[in-house]
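Report on the structure given below.
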Amino acid sequence: MTLSFKKIILGVAISVMTVGVNSPSFASYNEGAENWDVSKPRGETREISFTTDQGTWMSLDISPNGKWIVFDLLGHIYRLDIKGGQALSLTQSSGIAMNNHPSISPDGTEIAFVSDRAGQENLWVMDADGTNPRQIFNDMEARFAETTWTPDGKSIVATKRGASPSGFYRTVDS
């Protein structure tokens, strides 16, 4: 049941993906960007602690062996045993950067995801335990979302959005 559901989602996701972008230059928006660190808070901050057993607007994926899941919640990606328990944050080291849209590789060894930790929402991959995060694509003029692996595990498919003349991001064909 779980695997067929995943295949259905994968098929739908691939049919709506785009690979190109037409966008204006963002040089004026990026002035001083080399000194900006998205993962560090600015201004007055405070930490809060909470426990929850539910969320909304979450992305979720199930491991190929059906033993664990990954999901995003409040800007971090978590791994959880399929039977429940305490979720482990896989992206805590990225500070306050936003991490979302996790997708587990077909062999279960890696997780593709979107993160803005380098300044823009781009494609990243990490090992299944959260170690070794590395940026796969870096485009400061586009935003990525909705990652998924191809069935052979050799490629990652994602939606790429470029800015419209009004500054809003939209999916475009190349």
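Residue numbering restarts at 1 for every chain of the structure tokens, chains are lettered A, B, ... in their displayed order, and ligands are numbered from 1 as they appear.
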Ala112 of chain A surroundings by only C-alpha atoms, 8 Å radius, close-in-sequence under 5 positions cut, as number ranges by chain: A: 101-105, 123-126, 147-149, 156
Distance atom CA of Thr52 of chain A-atom CA of Leu73 of chain A, one decimal place?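 Distance between the two atoms: 10.3 Å.
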Ala128 of chain A: which residues within 7 Å, counting only C-alpha atoms, same-chain residues fewer than 6 positions away excluded, as an NGL selection string? :A and (108-111)
One-decimal distance in Å that lies between atom CA of Asn122 of chain A and atom CA of Ala163 of chain A: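 Separation of atom CA of Ala163 of chain A and atom CA of Asn122 of chain A: 14.3 Å.
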As a ChimeraX atom specification, list the residues of segment 33-154 of chain A assigned to strand (DSSP E) by DSSP on the backbone atoms of this structure. /A:60-62,68-73,76-81,88-89,99-104,110-115,122-127,134-135,142-149
Produce a file of the selected residues containing C-alpha atoms, as a compact mmCIF listing (two decimals), in the first residue's frame.
```txt
# COMPACT_ATOMS: atom_id res chain seq x y z
CA LEU A 60 6.59 13.67 4.10
CA ASP A 61 8.37 10.69 2.56
CA ILE A 62 8.57 7.03 3.55
CA TRP A 68 11.12 5.24 8.89
CA ILE A 69 9.81 8.53 7.54
CA VAL A 70 11.18 12.03 7.02
CA PHE A 71 9.08 15.16 7.27
CA ASP A 72 9.50 18.90 7.52
CA LEU A 73 8.11 20.97 10.34
CA HIS A 76 13.63 21.69 9.86
CA ILE A 77 13.65 18.14 8.55
CA TYR A 78 13.05 15.28 10.95
CA ARG A 79 13.45 11.50 10.83
CA LEU A 80 11.01 9.30 12.72
CA ASP A 81 10.60 5.55 13.16
CA LEU A 88 15.28 13.40 15.32
CA SER A 89 16.08 16.77 13.73
CA ASN A 99 14.72 23.32 5.19
CA ASN A 100 11.78 21.54 3.57
CA HIS A 101 10.48 19.17 0.89
CA PRO A 102 12.48 16.06 1.95
CA SER A 103 12.62 13.10 -0.43
CA ILE A 104 14.37 9.81 0.35
CA GLU A 110 20.27 9.92 1.01
CA ILE A 111 17.64 12.61 1.43
CA ALA A 112 17.14 15.40 -1.11
CA PHE A 113 15.65 18.60 0.25
CA VAL A 114 15.33 22.33 -0.30
CA SER A 115 17.20 24.78 1.92
CA ASN A 122 18.11 25.61 -3.65
CA LEU A 123 18.50 21.86 -3.93
CA TRP A 124 20.54 20.01 -1.28
CA VAL A 125 21.27 16.36 -0.41
CA MET A 126 22.32 14.84 2.91
CA ASP A 127 23.00 11.33 4.12
CA ARG A 134 25.82 19.38 0.40
CA GLN A 135 24.36 21.81 -2.08
CA ALA A 142 15.40 30.99 -8.82
CA ARG A 143 13.75 28.99 -6.05
CA PHE A 144 13.38 25.23 -5.89
CA ALA A 145 10.62 23.16 -4.27
CA GLU A 146 8.96 19.73 -4.30
CA THR A 147 11.95 17.41 -4.62
CA THR A 148 11.67 13.78 -5.67
CA TRP A 149 14.12 11.13 -6.89
```
